[in-house]
Amino acid sequence: MLEFGILFPSVLNGLTTGAVYALVALGLTLIYGVLHIINFAHGASLMLAMYGVYLLKTRLGIDPYLALPIVVAAMFALGYALQRVIINRASHGRDENILLVTLGLSIVMENLALIFFKSDTRSIETAYTLTTVAIGPANIALAKLVAFAGALAASALLIWIVARTHLGRAIRAVAREKQGARLMGIDVDHVYAMSFGIGLACLGAAACFLLPAYYVNPQVGGGFVLVAFTIVVLGGMGSFAGALLGGLLIGVVESLGGLFLGESLGQIGIFLIFIGVLLFRPQGLFGARA
Amino acid sequence: MIRDLAGIAVFVLALAALTLALDSGVWLNFVMMTLYAALLAQAWNMLGGFGGQFSFGHALFFGTGAYAQAVAQLQGGWNPWAALVLAVALAAAVGLFVGALSFRYGLKGSYFALVTLAFAEVARILAVSVGFTGGGVGLMLPLREGVANLQFGSRKGFIVLIGGFVVAALLVTAWLRHSRFGARLQAVRDNEDAARAIGVDPWRTKLGAIGLSAAFMGAAGAFYVQVFQYIDPGIAYGAHVSVEALVGAIVGGMGTLWGPLLGAAVLHLLAETTRNLFGQLPGINMVIYGALLVLIVMFLPRGIAGLGVSVREAWKGRRDER
């Protein structure tokens with residue numbers, strides 16, 4: 001069982017999925033780091049983005065990779081609006097309220113999708129669907145390699161935005177000290193909404209990279225949301241490097257877990273990691289702050 | 001306390017009268033399912049409303065009760081009444097286990113919500129994977145009508161059963177409102193550090209609340225199995241039950257005696273109305289539940305039962321604003 005020829009492709013597959021997980025988790029950790037809230041609708045939003053990609057491909061014939069700017073922009077707009085119109089007004093200063101509101105939003109999104117698209121699992125066909133690339137003993141689907149590279153590039157872009165741009169400086173200022181940032185003339189509500197928008201924009205990119213190799217159904221977000229939470233907690237809440245490493249790690253754990261324990265039981269590993277980290281090391285594996 | 005007890009007595013009489021008067025199966029079914037939803041909301045309210053610990057995974061306790069009820073009968077040959085006791089006890093034990101772990105390590109707020117959800121997911125995957133739960137296919141209970149078998153020919157029998165649970169939950173809730181334990185629990189909810197400073201042990205207090213809450217969820221799970229004679233991992237541990245429990249309590253009013261009952265009744269009326277308007281559209285109920293959750297948290301954080309207080313405060317707030 002422990003042969004290189006079996007382990008290597010599994011690890012490689014895990015890394016490609018893990019890169020997309022990392023992108024999803026980066027969006028979540030950005031929102032958490034700035035707004036100090038947990039966006040429970042993250043998975044459902046990803047599902048919406050995936051349906052967006054699906055519709056663009058099946059109705060308008062736009063290739064998922066070309067659809068990237070459209071979906072990213074649409075998700076950004078959705079995130080900006082959600083934060084400004086609903087989430088900001090519902091908090092009443094309590095984090096639990098935001099958790100409840102985002103839970104409510106995720107329920108609405110998932111079940112609207114169920115009404116419009118039925119519970120069927122859908123996937124798209126592209127010219128490169130069956131193309132594989134040989135890397136050593138492994139044959140990896142081309143779409144997965146693109147997802148790996150694309151997710152890493154998008155992550156790098158996000159980290160660059162937060163570290164180097166004017167907006168990024170404002171985001172970091174608000175995350176560190178809200179009142180102080182406000183006194184320096186930063187429009188805090190705008191930065192909040194921008195952060196939420198960018199967080200969801202990550203999902204738009206993730207959806208474009210996922211769909212050529214994955215499928216979509218109304219429940220697909222539920223799986224991702226717990227995985228993303230696990231990664232974010234594992235990497236330390238609000239830490240970008242942690243989310244990136246955590247994503248890759250979880251991707252590999254899931255892939256190896258599936259190899260040794262079978263598909264359904266393999267998932268348990270992720271949840272056990274999640275519970276274990278929450279209980280014993282809530283600051284995350286790489287996080288220093290308590 | 002006397003007022004609460006009198007209210008509960010009136011509720012029992014009204015429910016008895018309603019059940020005797022009703023003859024149509026549709027309406028009896030409606031009453032039964034409303035009481036069932038009320039029990040879920042009441043159970044959630046004990047921990048979420050009075051203890052301030054928001055669980056997203058109450059299905060864990062529901063499913064434990066449901067599977068205990070089914071497995072004890074099918075694999076153990078237990079009498080359903082004895083199985084019911086086991087179901088409630090096991091659910092409470094699982095509640096204490098999850099509570100002991102998460103409260104011991106100081107999980108609260110969003111983290112507690114997430115960890116309960118993760119526990120429910122682990123249970124769901126286990127139920128799919130292990131043998132004695134019947135895996136993904138689920139378990140089917142054979143039809144054996146009779147009071148001794150906890151299967152009633154008429155919905156009225158089931159209404160007595162679930163009505164009994166609801167009244168028990170009302171009594172426990174009234175006790176939470178007026179007892180020392182309840183006072184400690186509410187103190188922990190409002191300010192844990194302050195509560196600790198005056199000598200309350202937050203850990204034991206929250207543990208008591210989650211045990212009670214889980215026990216009633218277990219009873220609801222056992223009831224579900226007896227009525228529908230079927231359980232599978234998705235029904236037992238899926239998000240639907242957790243959401244129904246939470247939304248019912250929040251819409252009705254957290255931390256109140258009648259809120260969960262009120263919330264469950266409103267939700268069920270809404271669900272029935274939409275079913276009549278739009279037909280059987282899968283998911284439409286959940287859309288309404290989710291939208292209502294968002295709207296209530298936005299505009300009526302005290303729920304329907306706290307409508308009066310909210311309106312008064314909004315009025316005062318407008319007058320005092322800046």
# chains A, B, ... in the order shown; residues from 1 in each chain; ligands from 1
>>> interface_residues(of="chain B", to="chain A", cutoff="8 Å", atoms="only C-alpha atoms", output="PyMOL selection string")
chain B and resi 54+101-102+105+107+109-111+115+118-119+121-122+125-126+128-129+281-284+286-294+297-299
>>> select_by_dssp(residues="range 27-66 of chain A", states="alpha helix (DSSP H)", output="list of chain:residue names")
A:Gly27, A:Leu28, A:Thr29, A:Leu30, A:Ile31, A:Tyr32, A:Gly33, A:Val34, A:Leu35, A:His42, A:Gly43, A:Ala44, A:Ser45, A:Leu46, A:Met47, A:Leu48, A:Ala49, A:Met50, A:Tyr51, A:Gly52, A:Val53, A:Tyr54, A:Leu55, A:Leu56, A:Lys57, A:Thr58, A:Arg59, A:Leu60
>>> closest_residue(among="B:Met217, B:Ala38, B:Leu257, B:Leu74", to="His178 in chain B", atoms="only C-alpha atoms")
B:Leu257
>>> residues_around(residues="range 136-146 of chain A", least_positions_apart="2", cutoff="10 Å", atoms="only C-alpha atoms", output="MDAnalysis selection string")
chainID A and resid 4:13 15:17 19:20 65 126 128:134 148:152 209:214
>>> write_last_selection(atoms="C-alpha atoms", output="short mmCIF file (atom, residue, chain, number, x, y, z; two decimals), in the first residue's frame")
data_model
loop_
_atom_site.label_atom_id
_atom_site.label_comp_id
_atom_site.auth_asym_id
_atom_site.auth_seq_id
_atom_site.Cartn_x
_atom_site.Cartn_y
_atom_site.Cartn_z
CA PHE A 4 5.55 5.60 -4.00
CA GLY A 5 3.57 5.01 -7.16
CA ILE A 6 0.33 5.19 -5.18
CA LEU A 7 1.27 7.76 -2.59
CA PHE A 8 2.78 10.30 -4.97
CA PRO A 9 -0.29 10.85 -7.18
CA SER A 10 -2.45 11.01 -4.07
CA VAL A 11 -0.28 13.68 -2.49
CA LEU A 12 -0.16 15.59 -5.76
CA ASN A 13 -3.93 15.45 -6.10
CA LEU A 15 -1.98 19.58 -3.21
CA THR A 16 -4.04 20.71 -6.21
CA THR A 17 -7.29 20.54 -4.22
CA ALA A 19 -4.52 25.14 -3.29
CA VAL A 20 -8.18 25.84 -4.06
CA TYR A 65 -11.18 30.52 -17.27
CA THR A 126 -14.67 21.49 -21.89
CA TYR A 128 -9.58 19.93 -21.89
CA THR A 129 -11.80 17.95 -19.50
CA LEU A 130 -10.04 14.67 -20.20
CA THR A 131 -6.55 16.05 -20.78
CA THR A 132 -4.02 14.80 -18.29
CA VAL A 133 -0.39 15.62 -17.70
CA ALA A 134 2.15 13.04 -16.60
CA PHE A 148 -3.25 24.72 -8.47
CA ALA A 149 -1.33 27.44 -10.30
CA GLY A 150 -4.31 29.78 -10.52
CA ALA A 151 -5.22 29.46 -6.86
CA LEU A 152 -1.64 30.12 -5.82
CA PHE A 209 -10.70 27.06 -11.08
CA LEU A 210 -12.83 24.36 -9.45
CA LEU A 211 -15.60 23.76 -11.93
CA PRO A 212 -13.69 22.29 -14.89
CA ALA A 213 -12.52 19.46 -12.62
CA TYR A 214 -15.31 19.39 -10.05
#
>>> atom_distance(atom1="CA of Val24 in chain A", atom2="CA of Leu60 in chain A")
25.9 Å
>>> residues_around(residues="range 120-124 of chain A", least_positions_apart="4", cutoff="10 Å", atoms="only C-alpha atoms", output="NGL selection string")
:A and (50-51 or 53-55 or 57-58 or 63-64 or 114 or 129 or 211-220)
>>> closest_residue(among="B:Val26, B:Leu13, B:Ile2, B:Ile210", to="Phe97 in chain B", atoms="only C-alpha atoms")
B:Ile210
>>> decode(residues="range 35-62 of chain B", atoms="N, CA and C atoms", output="compact mmCIF listing (two decimals), in the first residue's frame")
# COMPACT_ATOMS: atom_id res chain seq x y z
N LEU B 35 -46.10 20.82 17.63
CA LEU B 35 -45.57 20.49 18.95
C LEU B 35 -44.16 19.91 18.84
N TYR B 36 -43.96 19.10 17.81
CA TYR B 36 -42.63 18.51 17.60
C TYR B 36 -41.59 19.61 17.34
N ALA B 37 -41.95 20.57 16.46
CA ALA B 37 -41.04 21.68 16.19
C ALA B 37 -40.83 22.51 17.45
N ALA B 38 -41.91 22.65 18.24
CA ALA B 38 -41.79 23.43 19.48
C ALA B 38 -40.80 22.77 20.43
N LEU B 39 -40.83 21.43 20.50
CA LEU B 39 -39.92 20.72 21.39
C LEU B 39 -38.47 20.96 20.99
N LEU B 40 -38.20 20.92 19.67
CA LEU B 40 -36.84 21.21 19.18
C LEU B 40 -36.41 22.61 19.62
N ALA B 41 -37.31 23.57 19.41
CA ALA B 41 -36.97 24.96 19.73
C ALA B 41 -36.79 25.14 21.24
N GLN B 42 -37.65 24.48 22.02
CA GLN B 42 -37.53 24.60 23.47
C GLN B 42 -36.21 24.03 23.96
N ALA B 43 -35.83 22.89 23.38
CA ALA B 43 -34.58 22.27 23.79
C ALA B 43 -33.41 23.20 23.48
N TRP B 44 -33.43 23.79 22.27
CA TRP B 44 -32.34 24.70 21.88
C TRP B 44 -32.32 25.91 22.81
N ASN B 45 -33.52 26.37 23.18
CA ASN B 45 -33.66 27.57 24.00
C ASN B 45 -33.01 27.40 25.37
N MET B 46 -33.06 26.18 25.92
CA MET B 46 -32.48 25.97 27.25
C MET B 46 -31.00 26.32 27.26
N LEU B 47 -30.30 25.90 26.22
CA LEU B 47 -28.86 26.18 26.15
C LEU B 47 -28.58 27.53 25.46
N GLY B 48 -29.27 27.77 24.35
CA GLY B 48 -29.00 28.98 23.56
C GLY B 48 -29.64 30.21 24.18
N GLY B 49 -30.90 30.09 24.58
CA GLY B 49 -31.63 31.24 25.09
C GLY B 49 -31.24 31.58 26.52
N PHE B 50 -31.19 30.57 27.39
CA PHE B 50 -30.89 30.83 28.80
C PHE B 50 -29.40 30.79 29.08
N GLY B 51 -28.66 30.00 28.29
CA GLY B 51 -27.24 29.87 28.56
C GLY B 51 -26.37 30.72 27.64
N GLY B 52 -26.96 31.26 26.56
CA GLY B 52 -26.19 32.09 25.64
C GLY B 52 -25.19 31.31 24.80
N GLN B 53 -25.28 29.99 24.80
CA GLN B 53 -24.36 29.17 24.00
C GLN B 53 -25.09 28.73 22.73
N PHE B 54 -24.71 29.32 21.60
CA PHE B 54 -25.42 29.05 20.35
C PHE B 54 -24.87 27.80 19.69
N SER B 55 -25.67 26.75 19.68
CA SER B 55 -25.24 25.53 19.03
C SER B 55 -25.78 25.48 17.61
N PHE B 56 -24.91 25.13 16.65
CA PHE B 56 -25.33 24.93 15.26
C PHE B 56 -25.48 23.45 14.98
N GLY B 57 -25.25 22.62 15.99
CA GLY B 57 -25.25 21.19 15.73
C GLY B 57 -26.15 20.41 16.66
N HIS B 58 -27.31 20.98 17.00
CA HIS B 58 -28.19 20.26 17.91
C HIS B 58 -28.70 18.96 17.33
N ALA B 59 -28.59 18.81 16.03
CA ALA B 59 -28.98 17.55 15.39
C ALA B 59 -28.19 16.39 15.98
N LEU B 60 -27.00 16.66 16.51
CA LEU B 60 -26.19 15.60 17.12
C LEU B 60 -26.99 14.87 18.20
N PHE B 61 -27.69 15.62 19.05
CA PHE B 61 -28.42 15.02 20.15
C PHE B 61 -29.72 14.39 19.65
N PHE B 62 -30.34 15.07 18.69
CA PHE B 62 -31.54 14.53 18.06
C PHE B 62 -31.24 13.18 17.42
